[in-house]
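Enquirer: One file is attached below, work_15.cif, containing mmCIF, C-alpha atoms and all ligand atoms.
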data_structure
#
loop_
_atom_site.label_atom_id
_atom_site.label_comp_id
_atom_site.auth_asym_id
_atom_site.auth_seq_id
_atom_site.Cartn_x
_atom_site.Cartn_y
_atom_site.Cartn_z
CA MET C 187 -7.99 17.41 -5.11
CA ALA C 188 -8.94 16.11 -1.72
CA LEU C 189 -6.59 13.15 -1.82
CA ASP C 190 -3.55 15.38 -2.18
CA LEU C 191 -4.21 16.87 1.22
CA LEU C 192 -2.10 15.88 4.15
CA LEU C 193 -3.54 12.83 5.85
CA PRO C 194 -3.92 13.18 9.64
CA TRP C 195 -1.72 10.16 10.46
CA HIS C 196 1.14 11.61 8.41
CA VAL C 197 1.49 14.80 10.40
CA ASP C 198 4.67 13.76 12.25
CA ALA C 199 6.55 12.72 9.12
CA TRP C 200 5.28 15.85 7.40
CA SER C 201 6.48 18.15 10.16
CA GLN C 202 9.88 16.47 10.06
CA VAL C 203 10.35 17.10 6.34
CA ILE C 204 8.95 20.62 6.43
CA SER C 205 11.23 21.50 9.32
CA GLN C 206 14.22 20.16 7.35
CA GLN C 207 13.17 22.24 4.38
CA ARG C 208 12.91 25.40 6.47
CA HIS C 209 16.39 24.83 7.80
CA ALA C 210 17.68 24.15 4.29
CA ARG C 211 18.42 20.58 5.27
CA LEU C 212 16.05 18.84 2.93
CA ALA C 213 17.56 15.52 1.86
CA HIS C 214 17.79 15.02 -1.90
CA ALA C 215 16.19 11.59 -1.63
CA TYR C 216 13.74 10.06 0.83
CA LEU C 217 12.64 6.48 1.15
CA VAL C 218 9.02 6.99 2.15
CA SER C 219 7.79 3.73 3.59
CA GLY C 220 4.32 2.71 4.65
CA PRO C 221 1.82 -0.02 3.95
CA GLN C 222 0.01 0.03 0.63
CA GLY C 223 -3.27 1.91 0.97
CA SER C 224 -2.04 3.99 3.90
CA GLY C 225 -1.67 7.02 1.65
CA ARG C 226 2.08 7.10 1.03
CA TYR C 227 1.49 8.30 -2.55
CA GLN C 228 -0.80 11.08 -1.29
CA PHE C 229 1.95 12.05 1.14
CA ALA C 230 4.45 12.32 -1.71
CA ARG C 231 1.99 14.31 -3.85
CA ALA C 232 1.13 16.65 -0.99
CA LEU C 233 4.83 17.21 -0.32
CA ALA C 234 5.59 17.86 -3.99
CA ALA C 235 2.69 20.32 -4.16
CA LYS C 236 3.87 22.10 -1.03
CA LEU C 237 7.43 22.44 -2.32
CA LEU C 238 6.27 23.75 -5.71
CA CYS C 239 3.61 26.10 -4.38
CA GLU C 240 4.25 29.83 -4.75
CA ASN C 241 2.43 30.60 -1.49
CA PRO C 242 3.41 27.71 0.75
CA ALA C 243 1.83 29.34 3.81
CA SER C 244 5.10 28.90 5.58
CA GLY C 245 3.77 30.12 8.90
CA ASP C 246 2.06 26.82 9.56
CA PRO C 247 3.91 23.62 8.72
CA GLU C 248 0.67 21.66 8.77
CA VAL C 249 -0.83 23.67 5.96
CA THR C 250 -0.43 22.03 2.58
CA ALA C 251 -0.13 23.85 -0.75
CA CYS C 252 -2.40 26.84 -1.43
CA GLY C 253 -4.22 25.13 -4.29
CA ALA C 254 -4.72 28.45 -6.10
CA CYS C 255 -1.39 29.60 -7.51
CA ARG C 256 -0.16 28.77 -11.00
CA GLN C 257 2.06 25.93 -9.74
CA CYS C 258 -0.76 24.39 -7.76
CA ARG C 259 -3.13 24.58 -10.73
CA LEU C 260 -0.58 22.94 -13.00
CA PHE C 261 0.02 20.31 -10.38
CA ALA C 262 -3.67 19.57 -9.85
CA GLY C 263 -4.10 19.29 -13.62
CA GLY C 264 -1.65 16.41 -13.48
CA ASN C 265 0.87 17.90 -15.89
CA HIS C 266 3.29 19.98 -13.86
CA PRO C 267 6.48 20.03 -15.96
CA ASP C 268 8.72 19.74 -12.88
CA VAL C 269 7.11 16.61 -11.50
CA LEU C 270 7.90 13.14 -12.75
CA ASP C 271 5.79 10.21 -11.64
CA ILE C 272 7.40 6.85 -12.28
CA SER C 273 5.63 3.55 -11.70
CA PRO C 274 5.38 0.31 -13.68
CA GLU C 275 3.52 0.76 -16.95
CA GLU C 276 0.12 -0.84 -17.16
CA GLY C 277 0.27 -4.60 -17.22
CA ARG C 278 3.91 -4.63 -16.14
CA SER C 279 5.33 -5.52 -12.77
CA SER C 280 8.61 -3.64 -12.92
CA ILE C 281 9.89 -0.20 -13.81
CA LYS C 282 11.76 -0.16 -17.10
CA ILE C 283 15.20 1.36 -17.49
CA ASP C 284 13.78 3.68 -20.19
CA GLN C 285 11.49 5.20 -17.59
CA ILE C 286 14.47 5.93 -15.34
CA ARG C 287 16.27 7.53 -18.28
CA THR C 288 13.52 10.15 -18.50
CA ILE C 289 14.86 11.49 -15.18
CA SER C 290 18.03 12.83 -16.82
CA ARG C 291 15.93 14.62 -19.40
CA LEU C 292 13.88 16.31 -16.68
CA VAL C 293 16.76 17.33 -14.44
CA ASN C 294 18.82 18.72 -17.31
CA GLN C 295 15.93 20.75 -18.59
CA THR C 296 15.81 24.38 -17.55
CA SER C 297 12.68 24.83 -15.57
CA ASN C 298 10.07 27.12 -17.12
CA GLN C 299 8.70 27.59 -13.69
CA THR C 300 9.92 29.77 -10.88
CA GLY C 301 13.14 27.83 -10.60
CA ALA C 302 11.52 25.73 -7.94
CA ILE C 303 12.47 22.20 -7.09
CA LYS C 304 11.95 19.25 -9.43
CA VAL C 305 10.26 16.28 -7.83
CA ILE C 306 10.62 12.68 -8.93
CA ILE C 307 8.24 10.17 -7.37
CA ILE C 308 9.09 6.51 -7.85
CA GLN C 309 6.61 3.91 -6.73
CA PRO C 310 6.92 1.27 -5.64
CA ALA C 311 10.68 1.30 -5.19
CA GLU C 312 10.47 -2.51 -4.99
CA ALA C 313 9.56 -2.51 -8.68
CA LEU C 314 13.00 -1.24 -9.70
CA GLY C 315 14.77 -4.05 -11.49
CA THR C 316 18.56 -4.26 -11.24
CA ALA C 317 19.19 -2.37 -14.47
CA ALA C 318 16.70 0.37 -13.61
CA ALA C 319 18.06 0.61 -10.06
CA ASN C 320 21.63 0.97 -11.30
CA SER C 321 20.57 3.64 -13.71
CA LEU C 322 18.76 5.49 -10.93
CA LEU C 323 21.82 5.14 -8.74
CA LYS C 324 23.77 7.47 -10.99
CA ASN C 325 21.22 10.22 -10.37
CA LEU C 326 21.21 9.51 -6.64
CA GLU C 327 25.00 9.57 -6.47
CA GLU C 328 25.38 12.90 -8.18
CA PRO C 329 22.19 14.62 -7.19
CA PRO C 330 21.37 17.26 -9.76
CA GLY C 331 20.67 20.67 -8.26
CA ARG C 332 17.27 21.28 -6.67
CA THR C 333 15.91 17.84 -7.31
CA LEU C 334 13.99 15.78 -4.79
CA PHE C 335 13.59 12.02 -5.14
CA LEU C 336 10.72 10.38 -3.29
CA LEU C 337 10.96 6.60 -3.38
CA LEU C 338 7.86 4.92 -2.02
CA SER C 339 7.97 1.44 -0.61
CA GLY C 340 6.30 -1.01 1.71
CA PRO C 341 7.78 -1.29 5.20
CA GLY C 342 10.79 -3.63 5.16
CA ALA C 343 10.72 -3.87 1.37
CA GLN C 344 13.66 -5.47 -0.39
CA MET C 345 15.79 -3.30 -2.63
CA LEU C 346 19.39 -2.70 -3.58
CA PRO C 347 21.33 -1.64 -0.46
CA THR C 348 23.09 1.01 -2.57
CA ILE C 349 19.72 2.61 -3.31
CA ARG C 350 18.60 2.38 0.29
CA SER C 351 21.79 3.90 1.65
CA ARG C 352 21.43 6.97 -0.56
CA CYS C 353 17.97 7.78 0.69
CA GLN C 354 16.99 9.24 4.01
CA PRO C 355 14.46 6.87 5.58
CA LEU C 356 11.07 8.43 6.18
CA PRO C 357 8.74 5.84 7.69
CA LEU C 358 5.08 6.88 7.71
CA ALA C 359 3.00 5.89 10.72
CA PRO C 360 -0.02 3.73 9.87
CA ALA C 361 -3.41 5.24 10.71
CA THR C 362 -4.74 4.34 14.14
CA GLU C 363 -8.17 2.78 14.19
CA GLU C 364 -9.66 6.07 15.41
CA GLN C 365 -7.98 8.09 12.67
CA GLY C 366 -8.97 5.52 10.07
CA MET C 367 -12.62 5.51 11.14
CA ALA C 368 -12.79 9.33 11.23
CA TRP C 369 -11.24 9.61 7.77
CA LEU C 370 -13.52 6.92 6.33
CA ALA C 371 -16.61 8.57 7.79
CA GLU C 372 -15.62 11.76 5.96
CA HIS C 373 -15.18 9.98 2.65
CA SER C 374 -17.91 7.36 2.64
CA SER C 375 -21.61 7.39 3.45
CA ALA C 376 -21.59 3.72 4.45
CA ALA C 377 -22.84 2.71 7.89
CA THR C 378 -20.38 2.64 10.79
CA GLU C 379 -20.34 -1.18 10.93
CA GLU C 380 -19.44 -1.34 7.26
CA LEU C 381 -16.66 1.19 7.76
CA ALA C 382 -15.31 -0.86 10.66
CA SER C 383 -15.55 -4.02 8.61
CA ALA C 384 -13.65 -2.43 5.73
CA LEU C 385 -10.98 -1.09 8.05
CA ALA C 386 -10.62 -4.52 9.65
CA LEU C 387 -9.77 -5.82 6.18
CA ALA C 388 -7.15 -3.12 5.68
CA PRO C 389 -5.73 -2.29 9.10
CA GLY C 390 -3.79 0.99 9.17
CA ALA C 391 -4.66 1.62 5.52
CA PRO C 392 -7.88 3.69 5.29
CA LEU C 393 -7.39 4.39 1.57
CA SER C 394 -7.48 0.67 0.91
CA ALA C 395 -10.49 0.40 3.19
CA LEU C 396 -12.27 3.08 1.14
CA ALA C 397 -11.49 1.22 -2.07
CA LEU C 398 -12.90 -1.93 -0.48
CA LEU C 399 -16.09 -0.09 0.45
CA GLU C 400 -16.46 1.31 -3.04
CA ALA C 401 -16.01 -2.16 -4.50
CA GLY C 402 -18.68 -3.55 -2.18
CA VAL C 403 -16.15 -5.73 -0.44
CA PRO C 404 -17.64 -5.74 3.09
CA ALA C 405 -20.70 -7.43 1.54
CA TRP C 406 -18.43 -9.68 -0.52
CA ARG C 407 -16.55 -10.51 2.66
CA SER C 408 -19.63 -11.83 4.45
CA ILE C 409 -20.41 -14.02 1.44
CA VAL C 410 -16.87 -15.41 1.49
CA LEU C 411 -17.15 -16.07 5.22
CA GLU C 412 -20.34 -18.07 4.60
CA GLN C 413 -18.63 -19.97 1.80
CA LEU C 414 -15.64 -20.75 4.03
CA ALA C 415 -18.04 -22.29 6.51
CA GLU C 416 -19.56 -24.30 3.66
CA MET C 417 -16.07 -25.42 2.63
CA ALA C 418 -15.23 -26.43 6.19
CA ALA C 419 -18.41 -28.47 6.28
CA GLY C 420 -17.34 -30.24 3.09
CA ARG C 421 -20.12 -28.78 0.96
CA LEU C 422 -17.87 -26.57 -1.18
CA LEU C 423 -14.51 -27.25 -2.80
CA PRO C 424 -11.55 -24.87 -2.38
CA THR C 425 -11.46 -24.59 -6.18
CA GLU C 426 -15.10 -23.40 -6.26
CA LEU C 427 -14.44 -20.78 -3.62
CA ALA C 428 -11.32 -19.71 -5.51
CA LYS C 429 -13.36 -19.24 -8.65
CA TYR C 430 -15.81 -17.00 -6.79
CA CYS C 431 -13.03 -14.89 -5.26
CA ASN C 432 -11.20 -14.56 -8.54
CA ALA C 433 -13.69 -11.85 -9.57
CA GLN C 434 -12.07 -9.54 -7.00
CA PRO C 435 -8.42 -8.47 -6.81
CA LEU C 436 -6.29 -11.13 -5.17
CA ASN C 437 -5.26 -8.91 -2.26
CA TYR C 438 -8.86 -8.70 -0.99
CA ALA C 439 -8.87 -12.42 -0.33
CA ILE C 440 -5.38 -12.22 1.14
CA GLN C 441 -6.41 -9.45 3.53
CA LEU C 442 -9.51 -11.35 4.56
CA MET C 443 -7.57 -14.56 5.16
CA GLN C 444 -4.88 -12.69 7.08
CA ALA C 445 -7.47 -11.23 9.42
CA LEU C 446 -9.13 -14.65 9.79
CA SER C 447 -5.89 -16.49 10.48
CA LEU C 448 -4.89 -13.97 13.13
CA GLN C 449 -8.25 -14.30 14.82
CA LYS C 450 -8.07 -18.08 14.57
CA ALA C 451 -4.55 -18.17 16.02
CA ARG C 452 -5.64 -15.97 18.93
CA ASP C 453 -8.65 -18.21 19.61
CA ALA C 454 -6.50 -21.35 19.48
CA LEU C 455 -3.92 -19.86 21.85
CA ALA C 456 -6.64 -18.73 24.24
CA ALA C 457 -7.94 -22.32 24.24
CA GLN C 458 -4.33 -23.50 24.79
CA ASN C 459 -4.52 -25.41 21.56
CA THR C 460 -0.90 -24.94 20.49
CA GLU C 461 -0.98 -27.33 17.53
CA ASP C 462 -3.93 -25.55 15.90
CA ALA C 463 -2.31 -22.17 16.55
CA LYS C 464 0.95 -23.35 14.94
CA ALA C 465 -0.85 -24.66 11.86
CA VAL C 466 -2.74 -21.39 11.42
CA LEU C 467 0.39 -19.30 11.94
CA ARG C 468 2.19 -21.37 9.31
CA PHE C 469 -0.69 -20.56 6.99
CA GLY C 470 -0.36 -16.87 7.93
CA ARG C 471 3.32 -16.90 7.00
CA GLU C 472 2.45 -18.35 3.59
CA LEU C 473 0.00 -15.51 3.07
CA VAL C 474 2.68 -12.98 3.95
CA GLN C 475 4.88 -14.54 1.28
CA ILE C 476 2.19 -14.44 -1.39
CA ASN C 477 1.43 -10.87 -0.41
CA ARG C 478 5.10 -9.93 -0.63
CA GLN C 479 5.23 -11.37 -4.14
CA LEU C 480 2.21 -9.28 -5.07
CA GLU C 481 3.60 -6.09 -3.55
CA SER C 482 6.96 -6.61 -5.18
CA GLY C 483 5.13 -6.49 -8.48
CA ALA C 484 5.40 -10.19 -9.30
CA ASN C 485 2.36 -11.44 -11.12
CA PRO C 486 1.23 -14.77 -9.66
CA ASN C 487 -1.69 -16.48 -11.39
CA PRO C 488 -4.54 -15.26 -9.15
CA LEU C 489 -6.78 -18.29 -9.58
CA MET C 490 -3.96 -20.69 -8.73
CA ALA C 491 -2.94 -18.55 -5.77
CA LEU C 492 -6.53 -18.53 -4.49
CA GLU C 493 -6.88 -22.31 -4.91
CA HIS C 494 -3.66 -22.73 -2.98
CA ILE C 495 -4.77 -20.33 -0.24
CA PHE C 496 -8.12 -22.01 0.33
CA SER C 497 -6.72 -25.55 0.25
CA ALA C 498 -4.01 -24.51 2.69
CA TRP C 499 -6.61 -22.89 4.93
CA LYS C 500 -8.71 -26.04 4.85
CA ASN C 501 -5.68 -28.09 5.84
CA ALA C 502 -4.57 -25.64 8.52
CA THR C 503 -7.96 -25.41 10.15
CA GLY C 504 -8.71 -29.11 10.00
CA ASP C 505 -12.23 -29.98 10.99
CA THR C 506 -13.11 -26.71 12.68
CA ASP C 507 -15.18 -24.16 10.84
CA VAL C 508 -14.38 -20.45 10.53
CA ALA C 509 -16.40 -19.50 13.55
CA GLY C 510 -14.10 -21.69 15.60
CA THR C 511 -16.82 -24.12 16.63
CA ARG C 512 -16.51 -27.84 16.02
CA ALA C 513 -18.16 -28.95 12.82
CA GLY C 514 -17.60 -32.66 13.10
CA GLN C 515 -19.78 -35.44 11.77
CA HIS C 516 -22.30 -35.06 14.63
CA THR C 517 -23.41 -31.58 13.62
CA SER C 518 -23.61 -32.40 9.95
CA SER C 519 -27.20 -32.47 8.73
CA HIS C 520 -26.54 -35.39 6.39
ZN ZN C 601 0.06 27.16 -4.50
#
Can I see the file as C-alpha cells?
Expert:
Amino acid sequence: MALDLLLPWHVDAWSQVISQQRHARLAHAYLVSGPQGSGRYQFARALAAKLLCENPASGDPEVTACGACRQCRLFAGGNHPDVLDISPEEGRSSIKIDQIRTISRLVNQTSNQTGAIKVIIIQPAEALGTAAANSLLKNLEEPPGRTLFLLLSGPGAQMLPTIRSRCQPLPLAPATEEQGMAWLAEHSSAATEELASALALAPGAPLSALALLEAGVPAWRSIVLEQLAEMAAGRLLPTELAKYCNAQPLNYAIQLMQALSLQKARDALAAQNTEDAKAVLRFGRELVQINRQLESGANPNPLMALEHIFSAWKNATGDTDVAGTRAGQHTSSH
C-alpha cells in the first residue's frame, strides 16, 4: 500500500525513532504530532510495519518494511493480530472507554507471531475523554512488555497532562511547498496550477490537498470565491453561500477562509490599514477556534457554523470585496 510508505517530509522523525530502536532505546509511547492531512497516520502505520517486519532491511534506516514477509502481508491485509487501531467509532466524536479496554486484551494475549512488538495506534489523542484517558493511563503507567503506543495528535492539542507526560514527544515536520508539490504530482494527474491551488488550501498537508483534488475542491474553491464577491456586493446572502458550502465538509470552507483571511490581513497591513487588518485577524482567530472544535472531535452544526463564518467574514471585510478592491456604491451596476 503506497500510503504506508515513509513520506519524504517525515524522514527526520523516522530516523530518530529508528535510531532509538537500534540502540534499544525505543520509548514505549510516543506522542506523534502533526497537522491533520500531513500524513501522521501513515507515519504511524509505516513505523508499525517496520517494527513488525521480519526483514526490516536494517542496513538502511530510510527503508520501510519489506512488504513481502508474512507480517507485512498480514499488516497490509489490515488484520495483523498485533496491531490495534483505535479511533472514534463512526458518527462519534470521542473514543469510548470500551475501546481502550480492548488494549488489555491485546497486550495480555500471547502473540501468535514471532514475538514481535505489539503496536497500539490511537488517533486522535484529543478524542480521548476523561474516562478513556484514565483507563489508558493505567497501560501507560505500567507498560506491558514489548508494546508500543503511538498517540497521534494535532500540534499543540489539548489533552490530560498525565497522558502527555508519559509519552515521548515526536513532532512531525509539515511538508515544505516543494515536497508537497512533488508528492502531489506523483499521486494526481491534475494540472500544476490545480495542485498548487489544492496545496494552498491545505498548507503543509499534502494528503489533505490530494483529498481536496479528488473531491474537485479547487474548482469548488473558485466558485466559492466568485460567490464571496457576490456576497460582498450585496447580491448573495451569507445564508445562501452557507447552504452551497454545506455540501462539502466543513473544514474545506474553513481552510479556504483561513487562506483568504491571511491574504486579506497581509494586504491590509501592506496598505497600512491597521483597522481592517485587526478585523480580519479577529475573524481568523474565530476560525482557529471553530477548527479546534472540529479537530477535537466536537460536532458543531455545519450549516450554522458556515452561516456564522460567512456573516463574520462579511462584517470583518466591510465594504471591500474578496479581491481587496473597493466595491462601494459607485461600482455597483444598479
Ligand atoms: Zn516484511
Enquirer: From the list C:Gly264, C:Gln354, C:Ser321, C:Ile286, which residue is nearest Val203 (chain C) when using only C-alpha atoms?
Expert: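 Using only C-alpha atoms, the shortest distance to Val203 (chain C) belongs to C:Gln354.
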Enquirer: Which polymer residues have any atom within 10 Å of an atom of Pro488 (chain C), counting all atoms listed in the file, with same-chain residues fewer than 4 positions away left out, as a PyMOL selection string?
Expert: chain C and resi 428-429+431-437+480+492-494
Enquirer: Take the residues from that selection and write them out as a PDB file, in the frame of the given file, keeping C-alpha atoms.
Expert:
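Wrote out_34.pdb, looks like this:
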ATOM      1  CA  ALA C 428     -11.320 -19.710  -5.510  1.00  0.00           C
ATOM      2  CA  LYS C 429     -13.360 -19.240  -8.650  1.00  0.00           C
ATOM      3  CA  CYS C 431     -13.030 -14.890  -5.260  1.00  0.00           C
ATOM      4  CA  ASN C 432     -11.200 -14.560  -8.540  1.00  0.00           C
ATOM      5  CA  ALA C 433     -13.690 -11.850  -9.570  1.00  0.00           C
ATOM      6  CA  GLN C 434     -12.070  -9.540  -7.000  1.00  0.00           C
ATOM      7  CA  PRO C 435      -8.420  -8.470  -6.810  1.00  0.00           C
ATOM      8  CA  LEU C 436      -6.290 -11.130  -5.170  1.00  0.00           C
ATOM      9  CA  ASN C 437      -5.260  -8.910  -2.260  1.00  0.00           C
ATOM     10  CA  LEU C 480       2.210  -9.280  -5.070  1.00  0.00           C
ATOM     11  CA  LEU C 492      -6.530 -18.530  -4.490  1.00  0.00           C
ATOM     12  CA  GLU C 493      -6.880 -22.310  -4.910  1.00  0.00           C
ATOM     13  CA  HIS C 494      -3.660 -22.730  -2.980  1.00  0.00           C
TER      14      HIS C 494
END
Enquirer: Could you work out how far CA of Phe469 (chain C) lies from CA of Ala454 (chain C), giving the answer in Å with one decimal?
Expert: 13.8 Å
Enquirer: So that each row is one residue of chain C with an atom at most 7 Å from ligand ZN 601 (chain C), can you give its shortest atom pair and the distance in Å to one decimal, using only C-alpha atoms and all ligand atoms, rows by chain and rising number, as a Markdown table?
Expert:
| residue | atom | partner | partner_atom | distance |
| --- | --- | --- | --- | --- |
| C:Cys239 | CA | C:ZN601 | ZN | 3.7 |
| C:Glu240 | CA | C:ZN601 | ZN | 5.0 |
| C:Asn241 | CA | C:ZN601 | ZN | 5.1 |
| C:Pro242 | CA | C:ZN601 | ZN | 6.3 |
| C:Ala251 | CA | C:ZN601 | ZN | 5.0 |
| C:Cys252 | CA | C:ZN601 | ZN | 3.9 |
| C:Gly253 | CA | C:ZN601 | ZN | 4.7 |
| C:Ala254 | CA | C:ZN601 | ZN | 5.2 |
| C:Cys255 | CA | C:ZN601 | ZN | 4.1 |
| C:Arg256 | CA | C:ZN601 | ZN | 6.7 |
| C:Gln257 | CA | C:ZN601 | ZN | 5.7 |
| C:Cys258 | CA | C:ZN601 | ZN | 4.4 |
Enquirer: Residues at most 10 Å from Gly390 (chain C), counting all atoms listed in the file, excluding those fewer than 2 positions away in the same chain, as a PyMOL selection string?
Expert: chain C and resi 195+220-225+359-366+385-388+392-395
